[in-house]
Amino acid sequence: MEIVLLWFDDLDDALFSTALVWDRLRRLLLQIGLAAAFALAGSELAAIATQWWLAFTAIATASVGAWLLGATLRAVYYRRADGSLTPA
């Protein structure tokens, strides 16, 4: 029985480590997306390379999608059973 409890403890540690890595990755993707948006807005590439709109759209969508998924998972994780939110 004790070995099962140790496995659950290891699983708990792995899940929290994954959540921490996911939050760091989400923040990094947001910073990259913001820097790319400012660089693109500040350059003439946006006006010249209009055939690249699909690639730019995919990059922006992936960045915002990663942020939205992380924010949603965090909100679900911190929600209590009574509907109130726990402090982060």
# chains A, B, ... in the order shown; residues from 1 in each chain; ligands from 1
>>> select_by_dssp(residues="chain A", states="alpha helix (DSSP H)", output="JSON, numbers by chain")
{"A": [2, 3, 4, 5, 6, 7, 8, 9, 10, 11, 12, 13, 14, 15, 16, 17, 18, 19, 20, 21, 22, 23, 24, 25, 26, 27, 28, 29, 30, 31, 32, 33, 34, 35, 36, 37, 38, 39, 40, 41, 42, 45, 46, 47, 48, 53, 54, 55, 56, 57, 58, 59, 60, 61, 62, 63, 64, 65, 66, 67, 68, 69, 70, 71, 72, 73, 74, 75, 76, 77, 78]}
>>> residues_around(residues="range 65-76 of chain A", least_positions_apart="4", cutoff="7 Å", atoms="only C-alpha atoms", output="PDB file with N, CA, C and O atoms, in the first residue's frame")
ATOM      1  N   ASP A  23       3.629  27.091 -17.627  1.00  0.00           N
ATOM      2  CA  ASP A  23       3.453  28.515 -17.370  1.00  0.00           C
ATOM      3  C   ASP A  23       4.650  29.304 -17.882  1.00  0.00           C
ATOM      4  O   ASP A  23       4.486  30.374 -18.470  1.00  0.00           O
ATOM      5  N   ARG A  26       4.368  29.399 -21.674  1.00  0.00           N
ATOM      6  CA  ARG A  26       3.305  30.317 -22.084  1.00  0.00           C
ATOM      7  C   ARG A  26       3.785  31.762 -22.020  1.00  0.00           C
ATOM      8  O   ARG A  26       3.580  32.550 -22.939  1.00  0.00           O
ATOM      9  N   LEU A  30       4.336  34.379 -25.175  1.00  0.00           N
ATOM     10  CA  LEU A  30       3.730  35.716 -25.205  1.00  0.00           C
ATOM     11  C   LEU A  30       4.778  36.801 -25.447  1.00  0.00           C
ATOM     12  O   LEU A  30       4.543  37.745 -26.203  1.00  0.00           O
ATOM     13  N   THR A  61      -1.667  33.359 -34.078  1.00  0.00           N
ATOM     14  CA  THR A  61      -2.715  32.493 -33.545  1.00  0.00           C
ATOM     15  C   THR A  61      -2.146  31.468 -32.567  1.00  0.00           C
ATOM     16  O   THR A  61      -2.740  31.199 -31.514  1.00  0.00           O
TER      17      THR A  61
END
